[in-house]
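Note: the block below is input-v2.cif and it holds mmCIF, C-alpha atoms and all ligand atoms.
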```cif
data_data
loop_
_atom_site.group_PDB
_atom_site.id
_atom_site.type_symbol
_atom_site.label_atom_id
_atom_site.label_comp_id
_atom_site.auth_asym_id
_atom_site.auth_seq_id
_atom_site.Cartn_x
_atom_site.Cartn_y
_atom_site.Cartn_z
ATOM 1 C CA MET A 1 57.478 -71.327 -35.613
ATOM 2 C CA LEU A 2 57.112 -68.252 -37.812
ATOM 3 C CA CYS A 3 59.799 -65.638 -38.493
ATOM 4 C CA GLU A 4 57.946 -62.947 -36.553
ATOM 5 C CA GLU A 5 57.614 -65.059 -33.403
ATOM 6 C CA THR A 6 61.228 -66.142 -33.688
ATOM 7 C CA ARG A 7 62.593 -62.623 -34.027
ATOM 8 C CA GLN A 8 60.769 -61.449 -30.887
ATOM 9 C CA SER A 9 62.820 -63.977 -28.907
ATOM 10 C CA LEU A 10 66.117 -63.753 -30.797
ATOM 11 C CA SER A 11 67.718 -61.185 -28.470
ATOM 12 C CA GLN A 12 67.048 -63.383 -25.448
ATOM 13 C CA TYR A 13 68.204 -66.453 -27.477
ATOM 14 C CA VAL A 14 71.570 -64.789 -28.168
ATOM 15 C CA ASP A 15 71.872 -63.939 -24.455
ATOM 16 C CA ASP A 16 71.022 -67.553 -23.629
ATOM 17 C CA CYS A 17 67.970 -66.545 -21.613
ATOM 18 C CA VAL A 18 65.193 -68.684 -23.181
ATOM 19 C CA SER A 19 63.633 -71.883 -21.890
ATOM 20 C CA LEU A 20 64.719 -75.210 -23.352
ATOM 21 C CA PRO A 21 61.542 -75.854 -25.400
ATOM 22 C CA ALA A 22 61.800 -72.301 -26.851
ATOM 23 C CA ARG A 23 65.449 -72.850 -27.703
ATOM 24 C CA VAL A 24 64.626 -76.127 -29.461
ATOM 25 C CA ALA A 25 61.857 -74.437 -31.457
ATOM 26 C CA ILE A 26 64.111 -71.516 -32.425
ATOM 27 C CA ASP A 27 66.944 -73.867 -33.415
ATOM 28 C CA ASP A 28 64.508 -75.780 -35.560
ATOM 29 C CA HIS A 29 63.381 -72.528 -37.264
ATOM 30 C CA LEU A 30 66.948 -71.258 -37.753
ATOM 31 C CA ASP A 31 67.837 -74.530 -39.519
ATOM 32 C CA ARG A 32 65.251 -73.772 -42.163
ATOM 33 C CA CYS A 33 65.308 -69.922 -42.327
ATOM 34 C CA PRO A 34 68.372 -68.102 -43.659
ATOM 35 C CA VAL A 35 66.890 -64.637 -42.926
ATOM 36 C CA CYS A 36 66.592 -65.323 -39.189
ATOM 37 C CA ARG A 37 70.018 -66.967 -39.219
ATOM 38 C CA ASP A 38 71.507 -63.717 -40.571
ATOM 39 C CA GLU A 39 69.688 -61.838 -37.797
ATOM 40 C CA VAL A 40 71.300 -64.051 -35.181
ATOM 41 C CA ILE A 41 74.744 -63.501 -36.721
ATOM 42 C CA GLU A 42 74.247 -59.716 -36.606
ATOM 43 C CA LEU A 43 73.055 -59.781 -33.000
ATOM 44 C CA ARG A 44 76.070 -61.847 -31.952
ATOM 45 C CA ALA A 45 78.422 -59.413 -33.681
ATOM 46 C CA LEU A 46 76.770 -56.474 -31.946
ATOM 47 C CA ARG A 47 77.056 -58.204 -28.584
ATOM 48 C CA ARG A 48 80.731 -58.805 -29.209
ATOM 49 C CA ARG A 49 81.404 -55.194 -30.154
ATOM 50 C CA LEU A 50 79.548 -53.935 -27.064
ATOM 51 C CA SER A 51 81.597 -56.189 -24.807
ATOM 52 C CA LEU A 52 84.762 -54.650 -26.246
ATOM 53 C CA LEU A 53 83.771 -51.143 -25.100
ATOM 54 C CA THR A 54 85.563 -49.762 -22.044
ATOM 55 C CA PRO A 55 83.112 -49.282 -19.191
ATOM 56 C CA PRO A 56 83.035 -45.637 -17.948
ATOM 57 C CA THR A 57 84.662 -45.109 -14.562
ATOM 58 C CA PRO A 58 82.851 -42.888 -12.030
ATOM 59 C CA PRO A 59 84.805 -40.032 -10.372
ATOM 60 C CA VAL A 60 86.727 -41.351 -7.419
ATOM 61 C CA ASP A 61 85.039 -38.934 -4.967
ATOM 62 C CA LEU A 62 81.467 -39.526 -6.258
ATOM 63 C CA ALA A 63 80.397 -41.617 -3.288
ATOM 64 C CA ALA A 64 81.925 -39.152 -0.817
ATOM 65 C CA THR A 65 80.239 -36.191 -2.519
ATOM 66 C CA ILE A 66 76.797 -37.834 -2.330
ATOM 67 C CA SER A 67 77.330 -38.803 1.306
ATOM 68 C CA ASN A 68 78.354 -35.254 2.206
ATOM 69 C CA ALA A 69 75.323 -33.757 0.445
ATOM 70 C CA LEU A 70 72.976 -36.092 2.317
ATOM 71 C CA ALA A 71 74.671 -35.281 5.656
ATOM 72 C CA ILE A 72 74.271 -31.523 5.062
ATOM 73 C CA GLU A 73 70.600 -31.887 4.143
ATOM 74 C CA ALA A 74 69.912 -33.989 7.231
ATOM 75 C CA ALA A 75 71.653 -31.439 9.479
ATOM 76 C CA ALA A 76 69.627 -28.594 7.936
ATOM 77 C CA ARG A 77 66.375 -30.500 8.581
ATOM 78 C CA ARG A 78 67.379 -31.029 12.213
ATOM 79 C CA GLN A 79 68.263 -27.354 12.645
ATOM 80 C CA GLN A 80 64.856 -26.204 11.326
ATOM 81 C CA SER A 81 62.574 -25.482 14.286
ATOM 82 C CA ALA A 82 59.280 -27.336 14.355
ATOM 83 C CA PRO A 83 56.538 -25.351 12.562
ATOM 84 C CA SER A 84 54.247 -23.359 14.840
ATOM 85 C CA LEU A 85 50.782 -24.661 15.686
ATOM 86 C CA GLY A 86 49.193 -21.953 13.545
ATOM 87 C CA ARG A 87 51.324 -22.897 10.579
ATOM 88 C CA ARG A 88 50.454 -26.572 10.992
ATOM 89 C CA ILE A 89 46.727 -25.735 11.221
ATOM 90 C CA THR A 90 47.011 -23.536 8.152
ATOM 91 C CA ARG A 91 48.728 -26.351 6.260
ATOM 92 C CA PHE A 92 46.035 -28.755 7.417
ATOM 93 C CA ILE A 93 43.034 -26.664 6.369
ATOM 94 C CA GLU A 94 44.543 -25.184 3.204
ATOM 95 C CA PRO A 95 43.218 -27.911 0.908
ATOM 96 C CA TRP A 96 39.683 -27.317 2.270
ATOM 97 C CA VAL A 97 39.791 -23.544 2.550
ATOM 98 C CA MET A 98 40.597 -23.080 -1.094
ATOM 99 C CA PRO A 99 37.496 -24.767 -2.575
ATOM 100 C CA TYR A 100 35.281 -23.290 0.180
ATOM 101 C CA SER A 101 36.407 -19.725 -0.457
ATOM 102 C CA ALA A 102 35.970 -20.210 -4.182
ATOM 103 C CA GLY A 103 32.521 -21.647 -3.502
ATOM 104 C CA SER A 104 31.549 -18.748 -1.219
ATOM 105 C CA PHE A 105 32.671 -16.225 -3.772
ATOM 106 C CA ALA A 106 30.671 -18.018 -6.441
ATOM 107 C CA SER A 107 27.596 -17.951 -4.169
ATOM 108 C CA VAL A 108 27.882 -14.208 -3.603
ATOM 109 C CA LEU A 109 28.327 -13.670 -7.314
ATOM 110 C CA MET A 110 25.272 -15.828 -8.047
ATOM 111 C CA PHE A 111 23.230 -13.847 -5.512
ATOM 112 C CA PHE A 112 24.080 -10.556 -7.184
ATOM 113 C CA LEU A 113 23.396 -11.955 -10.629
ATOM 114 C CA MET A 114 20.021 -13.321 -9.541
ATOM 115 C CA PHE A 115 19.130 -10.114 -7.729
ATOM 116 C CA THR A 116 20.006 -8.098 -10.810
ATOM 117 C CA ALA A 117 17.965 -10.419 -12.991
ATOM 118 C CA LEU A 118 14.949 -10.256 -10.652
ATOM 119 C CA ARG A 119 15.033 -6.489 -10.137
ATOM 120 C CA PRO A 120 12.430 -5.710 -12.815
ATOM 121 C CA HIS A 121 10.123 -8.261 -11.171
ATOM 122 C CA PHE A 122 10.619 -6.701 -7.734
ATOM 123 C CA GLN A 123 9.824 -3.326 -9.262
ATOM 124 C CA ALA A 124 6.648 -4.722 -10.840
ATOM 125 C CA LEU A 125 5.589 -6.211 -7.493
ATOM 126 C CA ARG A 126 6.216 -2.889 -5.751
ATOM 127 C CA ASP A 127 4.174 -1.045 -8.373
ATOM 128 C CA ALA A 128 1.337 -3.554 -8.020
ATOM 129 C CA ALA A 129 1.399 -3.128 -4.234
ATOM 130 C CA ALA A 130 1.353 0.664 -4.611
ATOM 131 C CA GLN A 131 -1.606 0.446 -6.980
ATOM 132 C CA GLN A 132 -3.463 -1.765 -4.529
ATOM 133 C CA ARG A 133 -2.832 0.719 -1.711
ATOM 134 C CA GLY A 134 -4.167 3.451 -3.992
ATOM 135 C CA SER A 135 -7.396 1.562 -4.674
ATOM 136 C CA VAL A 136 -7.915 0.924 -0.944
ATOM 137 C CA ILE A 137 -7.600 4.642 -0.248
ATOM 138 C CA MET A 138 -10.187 5.344 -2.941
ATOM 139 C CA VAL A 139 -12.668 2.921 -1.349
ATOM 140 C CA GLN A 140 -12.099 4.470 2.058
ATOM 141 C CA THR A 141 -12.801 7.861 0.574
ATOM 142 C CA LEU A 142 -16.086 6.587 -0.804
ATOM 143 C CA ASP A 143 -16.921 5.047 2.575
ATOM 144 C CA GLY A 144 -16.391 8.277 4.417
ATOM 145 C CA GLY A 145 -18.024 10.270 1.663
ATOM 146 C CA TYR A 146 -16.495 13.489 2.973
ATOM 147 C CA ASP A 147 -13.742 14.060 0.433
ATOM 148 C CA LEU A 148 -15.264 16.805 -1.692
ATOM 149 C CA TYR A 149 -12.138 17.084 -3.804
ATOM 150 C CA GLN A 150 -12.795 13.663 -5.342
ATOM 151 C CA PRO A 151 -15.765 13.316 -7.713
ATOM 152 C CA ILE A 152 -18.239 10.861 -6.152
ATOM 153 C CA THR A 153 -20.849 9.206 -8.339
ATOM 154 C CA PRO A 154 -24.296 8.392 -6.920
ATOM 155 C CA GLU A 155 -23.714 4.714 -7.875
ATOM 156 C CA GLY A 156 -20.362 4.598 -6.119
ATOM 157 C CA PHE A 157 -21.649 6.366 -3.030
ATOM 158 C CA ALA A 158 -24.729 4.106 -2.743
ATOM 159 C CA ALA A 159 -22.609 0.984 -3.270
ATOM 160 C CA SER A 160 -20.144 2.081 -0.592
ATOM 161 C CA ARG A 161 -22.893 2.280 2.041
ATOM 162 C CA GLY A 162 -23.766 -1.408 1.743
ATOM 163 C CA TRP A 163 -26.986 -2.887 3.193
ATOM 164 C CA VAL A 164 -27.779 0.307 5.152
ATOM 165 C CA THR A 165 -29.324 1.807 2.002
ATOM 166 C CA VAL A 166 -32.374 -0.491 2.283
ATOM 167 C CA GLU A 167 -33.525 1.453 5.341
ATOM 168 C CA SER A 168 -31.708 4.752 4.889
ATOM 169 C CA PRO A 169 -31.700 6.423 1.443
ATOM 170 C CA THR A 170 -28.357 7.564 0.089
ATOM 171 C CA LEU A 171 -27.926 11.320 -0.337
ATOM 172 C CA ASN A 172 -27.357 12.367 -3.933
ATOM 173 C CA PRO A 173 -23.713 13.490 -3.643
ATOM 174 C CA GLY A 174 -24.218 16.133 -6.348
ATOM 175 C CA GLY A 175 -27.527 17.391 -5.007
ATOM 176 C CA ALA A 176 -28.434 20.619 -3.204
ATOM 177 C CA LEU A 177 -29.269 18.831 0.072
ATOM 178 C CA ALA A 178 -25.847 17.191 0.204
ATOM 179 C CA ALA A 179 -24.232 20.581 -0.426
ATOM 180 C CA LEU A 180 -26.351 22.141 2.324
ATOM 181 C CA THR A 181 -25.564 19.473 4.938
ATOM 182 C CA THR A 182 -21.887 19.724 4.053
ATOM 183 C CA SER A 183 -22.014 23.487 4.515
ATOM 184 C CA TYR A 184 -23.327 22.974 8.068
ATOM 185 C CA ALA A 185 -20.107 21.223 8.905
ATOM 186 C CA ARG A 186 -17.903 23.969 7.474
ATOM 187 C CA PRO A 187 -16.133 26.595 9.499
ATOM 188 C CA HIS A 188 -18.202 29.750 9.885
ATOM 189 C CA ALA A 189 -17.039 33.288 10.213
ATOM 190 C CA ARG A 190 -19.250 33.854 13.227
ATOM 191 C CA ALA A 191 -17.917 31.413 15.806
ATOM 192 C CA ASP A 192 -20.232 32.124 18.762
ATOM 193 C CA GLY A 193 -23.800 30.837 19.055
ATOM 194 C CA ASP A 194 -23.953 29.398 15.549
ATOM 195 C CA THR A 195 -24.949 25.858 16.539
ATOM 196 C CA ASP A 196 -28.517 24.823 15.840
ATOM 197 C CA ASP A 197 -30.469 21.620 15.137
ATOM 198 C CA MET A 198 -33.845 20.348 13.982
ATOM 199 C CA ILE A 199 -35.673 17.073 13.394
ATOM 200 C CA VAL A 200 -37.890 16.808 10.327
ATOM 201 C CA VAL A 201 -39.810 14.015 8.568
ATOM 202 C CA THR A 202 -39.638 13.657 4.779
ATOM 203 C CA ASN A 203 -41.111 11.385 2.142
ATOM 204 C CA VAL A 204 -38.511 10.004 -0.277
ATOM 205 C CA PHE A 205 -39.715 8.836 -3.684
ATOM 206 C CA SER A 206 -38.350 6.332 -6.213
ATOM 207 C CA ASN A 207 -36.661 8.998 -8.358
ATOM 208 C CA GLY A 208 -34.793 10.354 -5.322
ATOM 209 C CA ALA A 209 -36.951 13.473 -4.878
ATOM 210 C CA ALA A 210 -38.162 14.210 -1.341
ATOM 211 C CA SER A 211 -40.791 16.404 0.304
ATOM 212 C CA LEU A 212 -41.150 17.771 3.821
ATOM 213 C CA VAL A 213 -43.962 16.054 5.777
ATOM 214 C CA ASP A 214 -43.564 17.246 9.326
ATOM 215 C CA VAL A 215 -41.268 19.234 11.599
ATOM 216 C CA VAL A 216 -40.688 17.285 14.830
ATOM 217 C CA GLN A 217 -38.306 19.799 16.344
ATOM 218 C CA PRO A 218 -37.983 23.200 14.667
ATOM 219 C CA PRO A 219 -34.602 24.967 14.605
ATOM 220 C CA ARG A 220 -34.006 28.111 16.644
ATOM 221 C CA ASP A 221 -33.217 29.992 13.438
ATOM 222 C CA LYS A 222 -36.124 29.532 11.000
ATOM 223 C CA ARG A 223 -33.754 30.170 8.048
ATOM 224 C CA MET A 224 -32.305 26.671 8.577
ATOM 225 C CA LEU A 225 -35.692 25.072 7.826
ATOM 226 C CA ASP A 226 -36.188 27.374 4.790
ATOM 227 C CA GLU A 227 -32.774 26.386 3.395
ATOM 228 C CA PHE A 228 -33.658 22.730 3.910
ATOM 229 C CA GLU A 229 -36.994 23.005 2.064
ATOM 230 C CA SER A 230 -35.457 25.025 -0.754
ATOM 231 C CA ALA A 231 -32.731 22.368 -1.189
ATOM 232 C CA LEU A 232 -35.409 19.642 -1.414
ATOM 233 C CA ARG A 233 -37.165 21.590 -4.167
ATOM 234 C CA GLN A 234 -34.024 22.232 -6.198
ATOM 235 C CA ASP A 235 -33.252 18.677 -7.343
ATOM 236 C CA ALA A 236 -33.332 15.027 -6.313
ATOM 237 C CA ALA A 237 -31.977 14.957 -2.776
ATOM 238 C CA PHE A 238 -31.326 11.206 -2.875
ATOM 239 C CA VAL A 239 -30.090 8.675 -5.400
ATOM 240 C CA PRO A 240 -32.801 6.699 -7.279
ATOM 241 C CA ALA A 241 -34.394 3.844 -5.292
ATOM 242 C CA SER A 242 -32.949 1.242 -7.677
ATOM 243 C CA LEU A 243 -29.384 2.160 -6.662
ATOM 244 C CA ASP A 244 -30.230 1.770 -2.985
ATOM 245 C CA ARG A 245 -32.426 -1.324 -3.479
ATOM 246 C CA ARG A 246 -34.815 0.486 -1.117
ATOM 247 C CA PRO A 247 -38.643 0.653 -1.309
ATOM 248 C CA ASP A 248 -39.993 3.063 -3.954
ATOM 249 C CA THR A 249 -41.495 5.436 -1.378
ATOM 250 C CA MET A 250 -40.339 5.691 2.184
ATOM 251 C CA ARG A 251 -40.587 8.040 5.103
ATOM 252 C CA VAL A 252 -37.328 9.300 6.533
ATOM 253 C CA VAL A 253 -36.706 11.131 9.787
ATOM 254 C CA PHE A 254 -33.977 13.737 9.397
ATOM 255 C CA ALA A 255 -31.993 15.006 12.330
ATOM 256 C CA VAL A 256 -29.992 17.977 11.077
ATOM 257 C CA GLN A 257 -27.359 19.520 13.271
ATOM 258 C CA LYS A 258 -25.471 22.680 12.488
ATOM 259 C CA VAL A 259 -22.140 22.797 14.294
ATOM 260 C CA ASP A 260 -19.147 25.029 14.404
ATOM 261 C CA VAL A 261 -16.046 23.247 13.267
ATOM 262 C CA ASP A 262 -12.611 24.464 14.154
ATOM 263 C CA ASP A 263 -10.482 25.366 11.169
ATOM 264 C CA ARG A 264 -7.701 23.141 12.447
ATOM 265 C CA ASN A 265 -9.780 20.012 11.889
ATOM 266 C CA PHE A 266 -9.591 20.505 8.147
HETATM 267 ZN ZN ZN B 301 62.805 -66.989 -40.151
#
```
Turn the structure described in the file into structure tokens.
Amino acid sequence: MLCEETRQSLSQYVDDCVSLPARVAIDDHLDRCPVCRDEVIELRALRRRLSLLTPPTPPVDLAATISNALAIEAAARRQQSAPSLGRRITRFIEPWVMPYSAGSFASVLMFFLMFTALRPHFQALRDAAAQQRGSVIMVQTLDGGYDLYQPITPEGFAASRGWVTVESPTLNPGGALAALTTSYARPHARADGDTDDMIVVTNVFSNGAASLVDVVQPPRDKRMLDEFESALRQDAAFVPASLDRRPDTMRVVFAVQKVDVDDRNF
């Protein structure tokens, strides 16, 4: 047995609390080792000194004092009325409510943070939608072809009419004939008896120019026919044939109606 092992058991050896084989081994070591023998002598001296100490005596009324304190506490517990149902429920759900409320608050906070972060994107989407609405309005304007406040190009106007242009030439929006037909639909100072109509036949050529061929139904007021012919002479009444994808020369029947339009419609 080594010194270290022996010393770990020396306290129990002095107290006579080791097994017989351990005692034999320790005795054998102590016979050969003066250092451990000294240790045993010291431990025995310490034990002797400790046994000479007077044990402390507890206060005589210690037991009574503790008993009284316990009795008072028990009485107080009995006196306390049972907690209300609400209080018991509150106590029961408290451990759950706490994490849930913290979680809910965190969710709300996250929502606001995300919303704030995404706001520029929402704005961009709104702008894009507004732009799209704007472009739709522009196309509708071209379709109708009546908005004189917007510049209309012959290409745009022809394109907006679709397949119809193959059989019906597109009016040159900047031409004299277009201006004349538009003026027929404008409010006139003289409201009574100003409606008139005529049906004429024209030849339309590839460059958009047109010439009067025949008058199927003359207007009551001959000035209307004169204005029509003069407009045809002024410039190309129609867009070039290539824009319409129409035949180079075609014959077109024109039904022109002059109507009074109430101011309120504009
Ligand atoms: Zn030793």
Around ligand ZN 301 (chain B), out to 9 Å and counting only C-alpha atoms and all ligand atoms, which residues are there? I want them as a list of chain:residue names. A:Met1, A:Leu2, A:Cys3, A:Glu4, A:Glu5, A:Thr6, A:Arg7, A:His29, A:Leu30, A:Arg32, A:Cys33, A:Pro34, A:Val35, A:Cys36, A:Arg37, A:Glu39
Counting only C-alpha atoms, the option among A:Tyr100, A:Phe228, A:Tyr184, A:Trp163 closest to Ile199 in chain A: A:Phe228
Surrounding residues of Ala237 in chain A excluding itself and chain neighbours under 5 positions, 6 Å, all atoms listed in the file, as a PyMOL selection string: chain A and resi 171-172+175+177+208-209+232
Using the chain letters and numbers from the file, give me the residues hit by the PyMOL selection byres (((chain A and resi 213) around 12) and not hetatm), as JSON, numbers by chain. {"A": [199, 200, 201, 202, 203, 204, 210, 211, 212, 214, 215, 216, 229, 232, 250, 251, 252, 253, 254]}
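Distance annotation: of A:Asp221, A:Asp28, A:Glu42, A:Glu94, the residue with the minimal separation from Ser11 in chain A is A:Glu42; atom set is all atoms listed in the file.
Going from CA of Pro95 in chain A over to CA of Ser107 in chain A, you cover 19.2 Å.
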With the PyMOL selection byres (((chain A and resi 170) around 8) and not hetatm) as the selection, what would be picked from this file? Answer as a CSV table (one decimal) with C-alpha atoms, in the coordinates of the input, please.
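File out.csv, as written:
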```csv
chain,number,residue,atom,x,y,z
A,157,PHE,CA,-21.6,6.4,-3.0
A,158,ALA,CA,-24.7,4.1,-2.7
A,161,ARG,CA,-22.9,2.3,2.0
A,165,THR,CA,-29.3,1.8,2.0
A,168,SER,CA,-31.7,4.8,4.9
A,169,PRO,CA,-31.7,6.4,1.4
A,171,LEU,CA,-27.9,11.3,-0.3
A,172,ASN,CA,-27.4,12.4,-3.9
A,238,PHE,CA,-31.3,11.2,-2.9
A,239,VAL,CA,-30.1,8.7,-5.4
A,244,ASP,CA,-30.2,1.8,-3.0
```
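Among the candidates A:Ser19, A:Thr249, A:Gln80, A:Gln234, the residue lying nearest to Glu167 in chain A is A:Thr249 (atoms considered: only C-alpha atoms).
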